[in-house]
Every structure is written in C-alpha cells, then in structure tokens.
$ cat my_file23.txt   # compact mmCIF, C-alpha atoms and all ligand atoms
# COMPACT_ATOMS: atom_id res chain seq x y z
CA MET E 1 43.35 -65.50 -6.55
CA SER E 2 42.59 -67.67 -9.61
CA ASP E 3 40.03 -66.82 -12.29
CA PRO E 4 37.39 -69.48 -11.31
CA ASP E 5 37.29 -67.94 -7.79
CA LEU E 6 36.64 -64.49 -9.22
CA ARG E 7 33.87 -65.81 -11.46
CA GLU E 8 32.20 -67.44 -8.46
CA GLN E 9 32.47 -64.22 -6.47
CA ILE E 10 30.88 -62.22 -9.28
CA SER E 11 28.05 -64.76 -9.51
CA ARG E 12 27.42 -64.47 -5.74
CA SER E 13 27.50 -60.68 -5.83
CA ILE E 14 24.99 -60.65 -8.70
CA THR E 15 22.63 -62.79 -6.59
CA GLY E 16 23.09 -60.38 -3.67
CA MET E 17 22.36 -57.43 -5.94
CA THR E 18 19.15 -58.90 -7.43
CA ASP E 19 17.96 -59.98 -3.96
CA ALA E 20 18.50 -56.43 -2.68
CA ILE E 21 16.59 -54.95 -5.65
CA ALA E 22 13.71 -57.36 -5.06
CA ALA E 23 13.67 -56.49 -1.33
CA GLU E 24 13.67 -52.78 -2.21
CA ALA E 25 10.69 -53.23 -4.54
CA ALA E 26 8.82 -55.24 -1.90
CA ALA E 27 9.57 -52.57 0.72
CA LYS E 28 8.23 -49.92 -1.64
CA VAL E 29 5.00 -51.85 -2.16
CA ALA E 30 4.68 -52.34 1.62
CA ARG E 31 5.33 -48.63 2.21
CA GLU E 32 2.67 -47.55 -0.30
CA ALA E 33 0.19 -50.00 1.28
CA ALA E 34 0.97 -48.64 4.77
CA ILE E 35 0.52 -45.03 3.59
CA GLY E 36 -2.78 -46.03 1.98
CA GLN E 37 -3.86 -47.60 5.28
CA VAL E 38 -3.03 -44.41 7.21
CA LEU E 39 -4.99 -42.32 4.69
CA GLU E 40 -7.97 -44.68 4.84
CA ASN E 41 -7.99 -44.34 8.63
CA VAL E 42 -7.78 -40.55 8.34
CA ALA E 43 -10.81 -40.57 6.03
CA ALA E 44 -12.68 -42.79 8.49
CA LEU E 45 -11.77 -40.48 11.39
CA ARG E 46 -12.91 -37.51 9.29
CA ALA E 47 -16.28 -39.23 8.81
CA GLU E 48 -16.56 -39.72 12.58
CA ALA E 49 -15.49 -36.18 13.54
CA GLU E 50 -18.20 -33.54 13.91
CA ASN E 51 -16.48 -31.49 11.22
CA ARG E 52 -13.03 -31.18 9.70
CA PHE E 53 -12.20 -28.28 12.07
CA ASP E 54 -12.74 -30.48 15.16
CA PRO E 55 -9.57 -29.80 17.27
CA SER E 56 -8.80 -33.45 18.12
CA TYR E 57 -9.21 -34.41 14.45
CA LEU E 58 -7.04 -31.50 13.31
CA ALA E 59 -4.33 -32.58 15.78
CA VAL E 60 -4.05 -35.88 13.90
CA VAL E 61 -3.91 -34.19 10.48
CA ARG E 62 -1.40 -31.68 11.83
CA HIS E 63 0.84 -34.47 13.16
CA LEU E 64 0.71 -36.36 9.86
CA TYR E 65 1.43 -33.24 7.80
CA TRP E 66 4.40 -32.04 9.82
CA HIS E 67 5.98 -35.26 11.06
CA HIS E 68 5.37 -37.84 8.31
CA LYS E 69 6.61 -36.26 5.13
CA VAL E 70 6.48 -39.63 3.38
CA ILE E 71 2.70 -39.06 3.06
CA PRO E 72 2.10 -37.03 -0.12
CA VAL E 73 0.41 -33.69 0.63
CA ALA E 74 -2.20 -33.98 -2.13
CA GLU E 75 -3.34 -37.36 -0.81
CA LEU E 76 -3.48 -36.10 2.77
CA VAL E 77 -5.54 -33.09 1.65
CA GLU E 78 -8.00 -35.36 -0.11
CA ALA E 79 -8.27 -37.96 2.68
CA SER E 80 -8.67 -35.31 5.37
CA GLY E 81 -11.58 -33.65 3.56
CA PHE E 82 -9.98 -30.34 2.59
CA GLY E 83 -10.43 -28.77 -0.82
CA TYR E 84 -6.87 -27.65 -1.37
CA VAL E 85 -3.48 -27.43 0.37
CA ALA E 86 -3.84 -23.81 1.56
CA GLU E 87 -7.13 -24.69 3.27
CA LEU E 88 -5.49 -27.58 5.14
CA LEU E 89 -2.49 -25.38 6.07
CA SER E 90 -4.65 -22.61 7.45
CA ALA E 91 -6.64 -25.17 9.49
CA ILE E 92 -3.64 -26.96 11.05
CA GLY E 93 -1.52 -23.80 11.48
CA PRO E 94 2.26 -23.31 11.34
CA VAL E 95 4.96 -24.82 13.57
CA LYS E 96 8.10 -23.32 15.11
CA SER E 97 11.01 -23.46 12.68
CA GLY E 98 13.74 -23.25 15.30
CA VAL E 99 14.89 -19.92 13.80
CA VAL E 100 14.46 -16.83 16.00
CA CYS E 101 13.79 -13.30 14.72
CA GLU E 102 16.91 -11.21 15.35
CA THR E 103 14.84 -8.04 15.78
CA CYS E 104 11.98 -9.02 18.12
CA GLY E 105 13.15 -12.43 19.38
CA ALA E 106 9.96 -14.21 18.30
CA ASP E 107 10.06 -17.76 16.93
CA ILE E 108 9.88 -17.68 13.15
CA MET E 109 7.11 -20.04 12.09
CA ARG E 110 7.35 -22.70 9.42
CA THR E 111 4.21 -22.37 7.29
CA SER E 112 4.49 -25.36 4.95
CA ARG E 113 6.71 -28.37 4.20
CA SER E 114 8.38 -26.44 1.38
CA TRP E 115 9.07 -23.43 3.63
CA GLN E 116 12.63 -22.06 3.46
CA PRO E 117 14.19 -20.12 6.35
CA PRO E 118 14.64 -16.37 5.68
CA ARG E 119 18.10 -15.60 4.28
CA ARG E 120 20.42 -12.88 5.45
CA TYR E 121 20.82 -10.15 2.85
CA TRP E 122 23.86 -7.91 3.32
CA ASN E 123 23.97 -7.03 7.00
CA ASN E 124 20.19 -6.99 7.50
CA PRO E 125 18.93 -9.07 10.42
CA VAL E 126 17.03 -12.33 9.86
CA GLU E 127 13.48 -11.28 10.72
CA CYS E 128 9.98 -12.66 11.28
CA GLU E 129 7.25 -11.64 8.85
CA THR E 130 5.94 -8.84 11.12
CA CYS E 131 9.38 -7.24 11.46
CA GLN E 132 10.06 -7.68 7.74
CA LYS E 133 6.83 -5.83 6.99
CA ALA E 134 7.71 -3.06 9.48
CA SER E 135 11.18 -2.71 7.85
CA ARG E 136 9.59 -2.57 4.41
CA ASP E 137 7.17 0.15 5.64
CA VAL E 138 10.11 2.20 7.01
CA ASP E 139 11.96 1.80 3.69
CA TYR E 140 8.83 2.81 1.79
CA ARG E 141 8.31 5.94 3.96
CA GLN E 142 11.98 6.90 3.53
CA ARG E 143 11.70 6.55 -0.24
CA GLN E 144 8.50 8.63 -0.22
CA LEU E 145 10.19 11.32 1.87
CA GLN E 146 13.16 11.35 -0.51
CA ALA E 147 10.81 11.68 -3.50
CA LEU E 148 9.02 14.62 -1.81
CA ARG E 149 12.33 16.35 -1.06
CA GLU E 150 13.37 15.96 -4.71
CA GLN E 151 9.98 17.29 -5.85
CA TYR E 152 10.30 20.39 -3.60
CA ALA E 153 13.86 20.98 -4.76
CA GLN E 154 12.74 20.76 -8.39
CA GLN E 155 9.84 23.18 -7.76
CA ALA E 156 12.21 25.62 -6.09
CA ARG E 157 14.57 25.38 -9.10
CA TYR E 158 11.64 25.95 -11.44
CA ARG E 159 10.49 29.05 -9.47
CA ARG E 160 14.02 30.48 -9.60
CA GLN E 161 14.16 29.87 -13.36
CA ARG E 162 10.79 31.52 -13.93
CA TRP E 163 11.86 34.55 -11.90
CA THR E 164 15.06 34.95 -13.93
CA GLY E 165 13.15 34.29 -17.17
CA ARG E 166 10.56 36.98 -16.37
CA SER E 167 13.19 39.68 -15.88
CA ARG E 168 14.90 38.68 -19.13
CA SER E 169 11.70 38.51 -21.17
CA SER E 170 10.25 41.84 -19.97
CA TRP E 171 11.10 43.43 -23.33
CA CYS E 172 8.90 40.89 -25.24
CA SER E 173 5.84 42.17 -27.07
CA PRO E 174 2.57 40.20 -26.44
CA THR E 175 2.61 38.79 -29.99
CA ARG E 176 6.12 37.42 -29.68
CA ARG E 177 5.67 36.20 -26.11
CA SER E 178 5.23 32.48 -26.78
CA ALA E 179 8.28 32.24 -29.06
CA CYS E 180 10.18 34.31 -26.57
CA ARG E 181 9.12 32.06 -23.67
CA SER E 182 10.46 28.96 -25.37
CA GLN E 183 13.73 30.72 -25.95
CA VAL E 184 13.90 31.66 -22.28
CA MET E 185 13.19 28.08 -21.27
CA MET E 186 16.04 26.90 -23.50
CA THR E 187 18.48 29.32 -22.01
CA THR E 188 17.50 28.65 -18.37
CA SER E 189 17.31 24.88 -18.62
CA THR E 190 21.00 24.53 -19.41
ZN ZN O 1 10.33 -10.09 14.56
$ encode --input "my_file23.txt" --output "structure tokens" --more "lines below"
Ligand SMILES: [Zn+2]
Amino acid sequence: MSDPDLREQISRSITGMTDAIAAEAAAKVAREAAIGQVLENVAALRAEAENRFDPSYLAVVRHLYWHHKVIPVAELVEASGFGYVAELLSAIGPVKSGVVCETCGADIMRTSRSWQPPRRYWNNPVECETCQKASRDVDYRQRQLQALREQYAQQARYRRQRWTGRSRSSWCSPTRRSACRSQVMMTTST
C-alpha cells in the first residue's frame, strides 16, 4: 500500500468520524425532545386526572419510573405533580426485584431505581426486610440476655467479696471503718 492511498483512507475515516459525532449530537437532541414530550404529556394527564393518586394515572407514572430509566427522576417527579422523590415512590409502590428471601420465600421488593440487592454476609441468608428485622430483634434479645447474665454474675461476685470483706474487717473500730473498707476493697478486687 502506497502513502497516497493511506492518506486518502485517513481522510475518509475522518469524515466518517465527524459524521458519526454529528449524528450522535442530533440523536441526543432528539432524545431530549422526546423525553420533554413524554413529560409534557404526563403533566397534561395529571391535570386531567381527578388527583395524583388516581390509580390509572399512577399506573402511567409507575411504568415510566420503573421501565424508562432514561427519564430523569427529578423531572418525572415535577411533571407528575409530586413534591419530592419519596412521595412519588410511596405512591407508585415497589416492584419485584427477582430476588427471593431465603428465610420466608417472599419476593424481595425493589424500592427505588438506585436499590441494591441485599448482600450475603458470612453464611447469613439473603433476607427480605421483615426477616432482617426479625433476625436483628433476635440478635438484640440475645445481646440483652448476655448483658443480664454478666450483670448477675458481677453482682454475685460483689456479694461474695462483701461477705469475705465483712469477716476480715470485723476487728475495725467505727472511726477507722472507712479507711479499713477501702483497704478491704483493694485486697478483694485483685
Ligand atoms: Zn423473608
């Protein structure tokens, strides 16, 4: 292949590249216009609906939120007449994530676009929110029980120490008792 051929090829590939960039920019403009059109129609539908909690209206918002992620959430919230994202989410409700709870078998629900599936920690099962809460409650009760056991054990140790201390300090006179008591504590705490 001679040099002039290569130069011509480079020239053609530059034209192809700039055409592709121009087409990309045009597609982006068209996409933004199409999204704007959808949002305008949503706002119009919102104006027609009895209220923003009208089930047939919510079905449209729900579909757009979950299935057309190209529509920015903030713009959908505004067009659909909700004050903030959480309000829209609570109105349209969650969808099945395809992940099943390994404890109760229920479908784990996807609550927002940014939702992440629960991860497996150690050998713990992947659980739905209800089962996670139940597991946390069991853990909490076990920790409480353990703390109580330790408290009782400590009290029992303290009673034993006091009993031994009393027999040792029986020779103390009332005036020397407090100094004597601290000495007893020092000897029994070791
Ligand atoms: Zn569960």
$ atom_distance --input "my_file23.txt" --atom1 "CA of Val73 (chain E)" --atom2 "CA of Gln132 (chain E)"
28.6 Å
$ residues_near_ligand --input "my_file23.txt" --ligand "ligand ZN 1 (chain O)" --cutoff "9 Å" --atoms "all atoms listed in the file" --output "PyMOL selection string"
chain E and resi 100-108+126-132
$ closest_residue --input "my_file23.txt" --among "E:Ala23, E:Gly98, E:Leu148, E:Asn124" --to "Arg136 (chain E)" --atoms "all atoms listed in the file"
E:Asn124
$ atom_distance --input "my_file23.txt" --atom1 "CA of Pro118 (chain E)" --atom2 "CA of Leu58 (chain E)"
27.5 Å
$ atom_distance --input "my_file23.txt" --atom1 "CA of His68 (chain E)" --atom2 "CA of Val29 (chain E)"
17.5 Å
$ residues_around --input "my_file23.txt" --residues "Ala79 (chain E)" --least-positions-apart "5" --cutoff "7 Å" --atoms "only C-alpha atoms" --output "MDAnalysis selection string"
chainID E and resid 39 42:43
$ closest_residue --input "my_file23.txt" --among "E:Asn41, E:Glu75, E:Arg113, E:Trp163" --to "Val60 (chain E)" --atoms "all atoms listed in the file"
E:Asn41
$ closest_residue --input "my_file23.txt" --among "E:Asn123, E:Gln142, E:Ser97, E:Ser112" --to "Val85 (chain E)" --atoms "all atoms listed in the file"
E:Ser112
$ decode --input "my_file23.txt" --residues "region 114-141 of chain E" --atoms "N, CA and C atoms" --output "PDB file, in the first residue's frame"
ATOM      1  N   SER E 114     -32.291   3.191  42.451  1.00  0.00           N
ATOM      2  CA  SER E 114     -30.926   3.020  42.969  1.00  0.00           C
ATOM      3  C   SER E 114     -30.810   1.852  43.957  1.00  0.00           C
ATOM      4  N   TRP E 115     -31.907   1.103  44.124  1.00  0.00           N
ATOM      5  CA  TRP E 115     -31.927  -0.025  45.052  1.00  0.00           C
ATOM      6  C   TRP E 115     -30.840  -1.041  44.704  1.00  0.00           C
ATOM      7  N   GLN E 116     -30.194  -1.581  45.733  1.00  0.00           N
ATOM      8  CA  GLN E 116     -29.189  -2.632  45.528  1.00  0.00           C
ATOM      9  C   GLN E 116     -29.679  -3.902  46.216  1.00  0.00           C
ATOM     10  N   PRO E 117     -29.520  -5.061  45.588  1.00  0.00           N
ATOM     11  CA  PRO E 117     -29.980  -6.297  46.237  1.00  0.00           C
ATOM     12  C   PRO E 117     -29.217  -6.552  47.538  1.00  0.00           C
ATOM     13  N   PRO E 118     -29.882  -7.157  48.553  1.00  0.00           N
ATOM     14  CA  PRO E 118     -29.176  -7.426  49.812  1.00  0.00           C
ATOM     15  C   PRO E 118     -28.000  -8.359  49.570  1.00  0.00           C
ATOM     16  N   ARG E 119     -26.871  -8.088  50.261  1.00  0.00           N
ATOM     17  CA  ARG E 119     -25.679  -8.919  50.060  1.00  0.00           C
ATOM     18  C   ARG E 119     -25.599  -9.990  51.128  1.00  0.00           C
ATOM     19  N   ARG E 120     -24.920 -11.074  50.779  1.00  0.00           N
ATOM     20  CA  ARG E 120     -24.754 -12.151  51.759  1.00  0.00           C
ATOM     21  C   ARG E 120     -23.546 -11.839  52.643  1.00  0.00           C
ATOM     22  N   TYR E 121     -23.792 -11.759  53.950  1.00  0.00           N
ATOM     23  CA  TYR E 121     -22.687 -11.555  54.878  1.00  0.00           C
ATOM     24  C   TYR E 121     -22.403 -12.870  55.576  1.00  0.00           C
ATOM     25  N   TRP E 122     -21.153 -13.296  55.566  1.00  0.00           N
ATOM     26  CA  TRP E 122     -20.755 -14.583  56.131  1.00  0.00           C
ATOM     27  C   TRP E 122     -21.671 -15.661  55.577  1.00  0.00           C
ATOM     28  N   ASN E 123     -22.267 -16.455  56.490  1.00  0.00           N
ATOM     29  CA  ASN E 123     -23.162 -17.509  55.999  1.00  0.00           C
ATOM     30  C   ASN E 123     -24.621 -17.147  56.227  1.00  0.00           C
ATOM     31  N   ASN E 124     -24.896 -15.865  56.550  1.00  0.00           N
ATOM     32  CA  ASN E 124     -26.278 -15.467  56.809  1.00  0.00           C
ATOM     33  C   ASN E 124     -27.090 -15.513  55.519  1.00  0.00           C
ATOM     34  N   PRO E 125     -28.381 -15.905  55.638  1.00  0.00           N
ATOM     35  CA  PRO E 125     -29.199 -15.965  54.423  1.00  0.00           C
ATOM     36  C   PRO E 125     -29.509 -14.560  53.880  1.00  0.00           C
ATOM     37  N   VAL E 126     -29.773 -14.485  52.574  1.00  0.00           N
ATOM     38  CA  VAL E 126     -30.237 -13.237  51.967  1.00  0.00           C
ATOM     39  C   VAL E 126     -31.717 -13.114  52.326  1.00  0.00           C
ATOM     40  N   GLU E 127     -32.072 -12.041  53.022  1.00  0.00           N
ATOM     41  CA  GLU E 127     -33.426 -11.954  53.583  1.00  0.00           C
ATOM     42  C   GLU E 127     -34.182 -10.704  53.156  1.00  0.00           C
ATOM     43  N   CYS E 128     -35.532 -10.811  53.210  1.00  0.00           N
ATOM     44  CA  CYS E 128     -36.386  -9.645  52.986  1.00  0.00           C
ATOM     45  C   CYS E 128     -36.292  -8.747  54.217  1.00  0.00           C
ATOM     46  N   GLU E 129     -36.863  -7.556  54.125  1.00  0.00           N
ATOM     47  CA  GLU E 129     -36.748  -6.588  55.211  1.00  0.00           C
ATOM     48  C   GLU E 129     -37.377  -7.107  56.508  1.00  0.00           C
ATOM     49  N   THR E 130     -38.533  -7.787  56.380  1.00  0.00           N
ATOM     50  CA  THR E 130     -39.232  -8.302  57.569  1.00  0.00           C
ATOM     51  C   THR E 130     -38.360  -9.316  58.303  1.00  0.00           C
ATOM     52  N   CYS E 131     -37.765 -10.242  57.535  1.00  0.00           N
ATOM     53  CA  CYS E 131     -36.927 -11.278  58.161  1.00  0.00           C
ATOM     54  C   CYS E 131     -35.645 -10.667  58.728  1.00  0.00           C
ATOM     55  N   GLN E 132     -35.104  -9.662  58.021  1.00  0.00           N
ATOM     56  CA  GLN E 132     -33.901  -8.983  58.529  1.00  0.00           C
ATOM     57  C   GLN E 132     -34.196  -8.360  59.883  1.00  0.00           C
ATOM     58  N   LYS E 133     -35.391  -7.739  59.984  1.00  0.00           N
ATOM     59  CA  LYS E 133     -35.764  -7.065  61.231  1.00  0.00           C
ATOM     60  C   LYS E 133     -35.928  -8.115  62.340  1.00  0.00           C
ATOM     61  N   ALA E 134     -36.591  -9.239  61.992  1.00  0.00           N
ATOM     62  CA  ALA E 134     -36.787 -10.309  62.979  1.00  0.00           C
ATOM     63  C   ALA E 134     -35.428 -10.826  63.459  1.00  0.00           C
ATOM     64  N   SER E 135     -34.477 -11.019  62.515  1.00  0.00           N
ATOM     65  CA  SER E 135     -33.135 -11.502  62.891  1.00  0.00           C
ATOM     66  C   SER E 135     -32.442 -10.506  63.801  1.00  0.00           C
ATOM     67  N   ARG E 136     -32.604  -9.204  63.454  1.00  0.00           N
ATOM     68  CA  ARG E 136     -31.974  -8.166  64.282  1.00  0.00           C
ATOM     69  C   ARG E 136     -32.558  -8.195  65.690  1.00  0.00           C
ATOM     70  N   ASP E 137     -33.911  -8.389  65.780  1.00  0.00           N
ATOM     71  CA  ASP E 137     -34.570  -8.436  67.096  1.00  0.00           C
ATOM     72  C   ASP E 137     -34.034  -9.601  67.918  1.00  0.00           C
ATOM     73  N   VAL E 138     -33.856 -10.783  67.267  1.00  0.00           N
ATOM     74  CA  VAL E 138     -33.329 -11.959  67.964  1.00  0.00           C
ATOM     75  C   VAL E 138     -31.920 -11.655  68.474  1.00  0.00           C
ATOM     76  N   ASP E 139     -31.086 -11.062  67.595  1.00  0.00           N
ATOM     77  CA  ASP E 139     -29.719 -10.693  67.984  1.00  0.00           C
ATOM     78  C   ASP E 139     -29.743  -9.753  69.181  1.00  0.00           C
ATOM     79  N   TYR E 140     -30.653  -8.763  69.107  1.00  0.00           N
ATOM     80  CA  TYR E 140     -30.736  -7.757  70.169  1.00  0.00           C
ATOM     81  C   TYR E 140     -31.114  -8.423  71.487  1.00  0.00           C
ATOM     82  N   ARG E 141     -32.132  -9.340  71.432  1.00  0.00           N
ATOM     83  CA  ARG E 141     -32.568 -10.016  72.669  1.00  0.00           C
ATOM     84  C   ARG E 141     -31.441 -10.875  73.231  1.00  0.00           C
TER      85      ARG E 141
END
